[in-house]
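Down below is the structure, laid out as structure tokens.
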Amino acid sequence: MKKILYILIIMLAVGTAAGREVMDSNYAGPSELFMAGAGAVISMNPHKGIGTESRGIPLFFYQKEKLSLYGPMMNYSLIKDAGWEVRGLLRMRFEGYEEDDSRYLRGMDDREWTLELGGSLSRSLGEGRVTADVSADVLNEHQGHEVRLSYNYDFRGPAGIRDLMVTPSIGVTYRSSGLNDYYYGVRSDEAIPGRPEYNVGDSIGLLTALRLNYRFNERWSVMGMAGVQLLGSEITDSPIVERNYRASLLLGIIRRF
């Protein structure tokens with residue numbers, strides 16, 4: 001579970017960076033791109049007792065025409081015109097845990113991964129892009145949904161470094177009560193002294209990230225990304241949560257084929 005979560009974090013970052021690689025590509029062309037490499041990630045989980053973990057992981061990204069695949073996420077471009085784009089998306093959510101991940105979770109039922117189906121609408125604004133997306137559970141695990149609104153901007157060649165791209169992003173997320181309660185709630189049959197029953201409502205949180213990508217040449221690049229998700233009080237008041245944020249830091253090297 002933990003290893004898959006690390007891979008998810010990396011793949012989302014690599015996929016975002018690779019999307020710009022497609023637009024700037026003189027090697028693979030705008031219709032096809034394959035990238036693979038290796039990286040390391042440090043992740044901070046908000047659940048009590050899980051703490052900070054690090055791991056080395058593989059990376060890959062593939063895009064051909066309207067279809068993009070990166071790790072556990074797939075999207076398909078449905079409409080693209082005059083700066084606007086509509087995509088369908090299918091992604092796996094790995095936000096759960098196993099009871100033996102922490103002594104504070106013993107006696108809890110495992111919270112499982114699930115598959116979510118949704119769509120996104122985005123608009124390019126110069127070197128930036130505004131994106132709104134929504135996804136909902138299709139395997140009836142959390143039976144909830146999430147809506148995100150984000151903005152990112154590409155600074156190309158800052159400080160006179162021609163092959164460097166720096167991309168800050170910021171956003172807001174709405175999470176339904178079903179999604180929150182499944183991953184952060186405590187059911188009545190899981191309650192013990194010090195861990196009372198807790199039902200989580202819907203919440204609004206903040207997203208922020210900073211991504212760097214440096215191209216050595218046409219084939220090799222290094223990338224780094226730091227991301228923080230600030231959780232709503234409905235989540236952080238849970239007796240199984242000890243942090244009001246989820247954070248990750250990654251470094252990786254990738255090669256275009």
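By convention here, the chains of the structure tokens are called A, B, ... in the order presented, each chain's residues are numbered starting at 1, and ligands are numbered starting at 1 in the order presented.
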
- prompt: Which polymer residues have any atom within 6 Å of an atom of Phe61 of chain A, counting only C-alpha atoms, with same-chain residues fewer than 2 positions away left out, as a PyMOL selection string?
  reply: chain A and resi 34-35+70

Go ahead and save the picked residues with N, CA and C atoms, as a short mmCIF file (atom, residue, chain, number, x, y, z; two decimals), in the first residue's frame.
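Produced file part24.cif, reproduced below:
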data_model
loop_
_atom_site.label_atom_id
_atom_site.label_comp_id
_atom_site.auth_asym_id
_atom_site.auth_seq_id
_atom_site.Cartn_x
_atom_site.Cartn_y
_atom_site.Cartn_z
N PHE A 34 7.30 8.88 -24.78
CA PHE A 34 7.50 7.88 -23.74
C PHE A 34 8.72 8.28 -22.92
N MET A 35 8.57 8.29 -21.59
CA MET A 35 9.64 8.66 -20.68
C MET A 35 9.70 7.63 -19.55
N TYR A 70 0.04 7.68 -16.96
CA TYR A 70 1.17 7.83 -16.04
C TYR A 70 0.79 7.20 -14.71
#

Pull the closest atom pair for each residue of segment 158-183 of chain A that gets at most 8 Å from segment 197-211 of chain A, along with the distance in Å to one decimal, counting only C-alpha atoms, ordering rows by chain and then ascending residue number, as a Markdown table.
| residue | atom | partner | partner_atom | distance |
| --- | --- | --- | --- | --- |
| A:Val166 | CA | A:Arg211 | CA | 5.8 |
| A:Thr167 | CA | A:Arg211 | CA | 5.0 |
| A:Pro168 | CA | A:Leu210 | CA | 4.3 |
| A:Ser169 | CA | A:Ala209 | CA | 5.3 |
| A:Ile170 | CA | A:Thr208 | CA | 4.4 |
| A:Gly171 | CA | A:Leu207 | CA | 4.8 |
| A:Val172 | CA | A:Leu206 | CA | 4.5 |
| A:Thr173 | CA | A:Gly205 | CA | 5.2 |
| A:Tyr174 | CA | A:Ile204 | CA | 4.6 |
| A:Arg175 | CA | A:Ser203 | CA | 5.3 |
| A:Ser176 | CA | A:Asp202 | CA | 4.4 |
| A:Ser177 | CA | A:Asp202 | CA | 4.0 |
| A:Gly178 | CA | A:Asp202 | CA | 7.6 |
| A:Asn180 | CA | A:Val200 | CA | 5.8 |
| A:Asp181 | CA | A:Val200 | CA | 4.6 |

Prev. selection, N, CA and C atoms, output as a PDB file, in the first residue's frame:
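This is the output file out-v7.pdb:
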ATOM      1  N   VAL A 166      10.464  26.284 -13.928  1.00  0.00           N
ATOM      2  CA  VAL A 166       9.958  26.282 -12.559  1.00  0.00           C
ATOM      3  C   VAL A 166       8.459  26.529 -12.607  1.00  0.00           C
ATOM      4  N   THR A 167       7.692  25.661 -11.977  1.00  0.00           N
ATOM      5  CA  THR A 167       6.230  25.744 -12.058  1.00  0.00           C
ATOM      6  C   THR A 167       5.614  25.715 -10.671  1.00  0.00           C
ATOM      7  N   PRO A 168       5.234  26.861 -10.126  1.00  0.00           N
ATOM      8  CA  PRO A 168       4.451  26.862  -8.886  1.00  0.00           C
ATOM      9  C   PRO A 168       2.976  26.643  -9.209  1.00  0.00           C
ATOM     10  N   SER A 169       2.247  26.074  -8.265  1.00  0.00           N
ATOM     11  CA  SER A 169       0.818  25.887  -8.439  1.00  0.00           C
ATOM     12  C   SER A 169       0.110  26.046  -7.105  1.00  0.00           C
ATOM     13  N   ILE A 170      -1.150  26.419  -7.193  1.00  0.00           N
ATOM     14  CA  ILE A 170      -1.966  26.598  -6.001  1.00  0.00           C
ATOM     15  C   ILE A 170      -3.388  26.198  -6.344  1.00  0.00           C
ATOM     16  N   GLY A 171      -4.115  25.693  -5.351  1.00  0.00           N
ATOM     17  CA  GLY A 171      -5.471  25.262  -5.642  1.00  0.00           C
ATOM     18  C   GLY A 171      -6.285  25.057  -4.385  1.00  0.00           C
ATOM     19  N   VAL A 172      -7.536  24.726  -4.607  1.00  0.00           N
ATOM     20  CA  VAL A 172      -8.465  24.440  -3.522  1.00  0.00           C
ATOM     21  C   VAL A 172      -9.197  23.153  -3.866  1.00  0.00           C
ATOM     22  N   THR A 173      -9.520  22.370  -2.847  1.00  0.00           N
ATOM     23  CA  THR A 173     -10.196  21.102  -3.072  1.00  0.00           C
ATOM     24  C   THR A 173     -11.408  20.969  -2.158  1.00  0.00           C
ATOM     25  N   TYR A 174     -12.491  20.451  -2.716  1.00  0.00           N
ATOM     26  CA  TYR A 174     -13.673  20.114  -1.931  1.00  0.00           C
ATOM     27  C   TYR A 174     -13.786  18.593  -1.893  1.00  0.00           C
ATOM     28  N   ARG A 175     -13.861  18.025  -0.692  1.00  0.00           N
ATOM     29  CA  ARG A 175     -13.975  16.584  -0.495  1.00  0.00           C
ATOM     30  C   ARG A 175     -15.312  16.286   0.168  1.00  0.00           C
ATOM     31  N   SER A 176     -16.034  15.316  -0.361  1.00  0.00           N
ATOM     32  CA  SER A 176     -17.343  14.979   0.187  1.00  0.00           C
ATOM     33  C   SER A 176     -17.203  14.227   1.508  1.00  0.00           C
ATOM     34  N   SER A 177     -18.297  14.164   2.273  1.00  0.00           N
ATOM     35  CA  SER A 177     -18.276  13.489   3.573  1.00  0.00           C
ATOM     36  C   SER A 177     -18.007  11.997   3.417  1.00  0.00           C
ATOM     37  N   GLY A 178     -18.513  11.384   2.332  1.00  0.00           N
ATOM     38  CA  GLY A 178     -18.271   9.965   2.120  1.00  0.00           C
ATOM     39  C   GLY A 178     -16.790   9.665   1.956  1.00  0.00           C
ATOM     40  N   ASN A 180     -14.190  11.585   2.975  1.00  0.00           N
ATOM     41  CA  ASN A 180     -13.476  11.888   4.216  1.00  0.00           C
ATOM     42  C   ASN A 180     -13.722  10.852   5.301  1.00  0.00           C
ATOM     43  N   ASP A 181     -14.989  10.455   5.456  1.00  0.00           N
ATOM     44  CA  ASP A 181     -15.332   9.556   6.546  1.00  0.00           C
ATOM     45  C   ASP A 181     -14.707   8.177   6.352  1.00  0.00           C
TER      46      ASP A 181
END

Mind dumping a table of every segment 162-194 of chain A residue within 8 Å of segment 93-113 of chain A, with the nearest atom pair and its distance in Å to one decimal, using only C-alpha atoms, sorted by chain and rising number, as a Markdown table?
| residue | atom | partner | partner_atom | distance |
| --- | --- | --- | --- | --- |
| A:Tyr182 | CA | A:Arg111 | CA | 7.1 |
| A:Tyr183 | CA | A:Gly96 | CA | 5.8 |
| A:Val186 | CA | A:Met108 | CA | 7.8 |
| A:Glu190 | CA | A:Met108 | CA | 5.5 |

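Separating atom CA of Gly126 of chain A from atom CA of Pro158 of chain A is a distance of 16.2 Å.
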
field: Residues near segment 78-81 of chain A, cut-off 12 Å, only C-alpha atoms, skip fewer than 4 positions along chain, as JSON, numbers by chain
entry: {"A": [65, 66, 67, 85, 86, 87, 88, 89, 119, 120, 121, 122, 123, 124]}

task: DSSP on the backbone, then: every residue of segment 8-239 of chain A marked alpha helix (DSSP H), written as a list in words.
output: Leu8, Ile9, Ile10, Met11, Leu12, Ala13, Val14, Gly15, Thr16, Ala17, Ala18, Gly19, Arg20, Glu21, Val22, Met23, Asp24, Ser177, Gly178, Leu179, Asn180, Asp181, Tyr182, Tyr183, Tyr184, Ser233, Glu234, Ile235 and Thr236 of chain A

message: Applying 6 Å and only C-alpha atoms, which residues near Val134 of chain A remain after dropping the ones on its own chain fewer than 4 positions away? List them as a PyMOL selection string.
response: chain A and resi 118-119+146-147

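Between Arg91 of chain A and the residues A:Val241, A:Ala226, A:Leu139, A:Ala36, the shortest atom-to-atom distance, using only C-alpha atoms, involves A:Leu139.
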
task: Excluding Gly128 of chain A and residues on its chain fewer than 6 positions from it, collect all residues at most 8 Å away from it, counting only C-alpha atoms, and give them as a ChimeraX atom specification.
output: /A:151-154

task: Considering only C-alpha atoms, state which residue in the set A:Asn45, A:Ser54, A:Gln229, A:Ser68 is at the smallest distance from Leu250 of chain A.
output: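 Smallest separation from Leu250 of chain A among the options: A:Ser54.
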
- request: Pick out each residue of segment 62-193 of chain A that DSSP on the backbone tags as strand (DSSP E); I need them as a ChimeraX atom specification.
  value: /A:62-64,67-70,73-81,84-93,114-125,128-137,145-153,155-156,164-175

- request: To one decimal in Å, tell me the separation between atom CA of Met74 of chain A and atom CA of Ser150 of chain A.
  value: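 These two atoms are separated by 18.8 Å.
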
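Residues surrounding Met73 of chain A within 7 Å are A:Leu69, A:Leu90, A:Arg91, A:Met92 [only C-alpha atoms; sequence separation below 4 positions excluded].
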
Take the residues just selected and output them with N, CA and C atoms as a PDB file, in the first residue's frame.
ATOM      1  N   LEU A  69      -1.049   8.128 -20.190  1.00  0.00           N
ATOM      2  CA  LEU A  69      -0.962   7.161 -19.093  1.00  0.00           C
ATOM      3  C   LEU A  69       0.241   7.500 -18.240  1.00  0.00           C
ATOM      4  N   LEU A  90      -9.564   8.674 -15.494  1.00  0.00           N
ATOM      5  CA  LEU A  90      -9.751   7.474 -14.682  1.00  0.00           C
ATOM      6  C   LEU A  90      -8.516   7.362 -13.804  1.00  0.00           C
ATOM      7  N   ARG A  91      -8.697   7.306 -12.486  1.00  0.00           N
ATOM      8  CA  ARG A  91      -7.533   7.257 -11.607  1.00  0.00           C
ATOM      9  C   ARG A  91      -7.810   6.391 -10.388  1.00  0.00           C
ATOM     10  N   MET A  92      -6.708   5.883  -9.837  1.00  0.00           N
ATOM     11  CA  MET A  92      -6.783   5.085  -8.628  1.00  0.00           C
ATOM     12  C   MET A  92      -6.441   5.972  -7.436  1.00  0.00           C
TER      13      MET A  92
END

field: Neighbour list for Gly157 of chain A as JSON, numbers by chain, cut-off 12 Å, only C-alpha atoms, skip fewer than 2 positions in-chain
entry: {"A": [154, 155, 159, 160, 161, 162, 163, 164, 165, 166, 167, 212, 213, 214, 215]}

task: Work out how far atom CA of Pro46 of chain A is from atom CA of Thr236 of chain A, in Å to one decimal.
output: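 Separating atom CA of Thr236 of chain A from atom CA of Pro46 of chain A is a distance of 8.3 Å.
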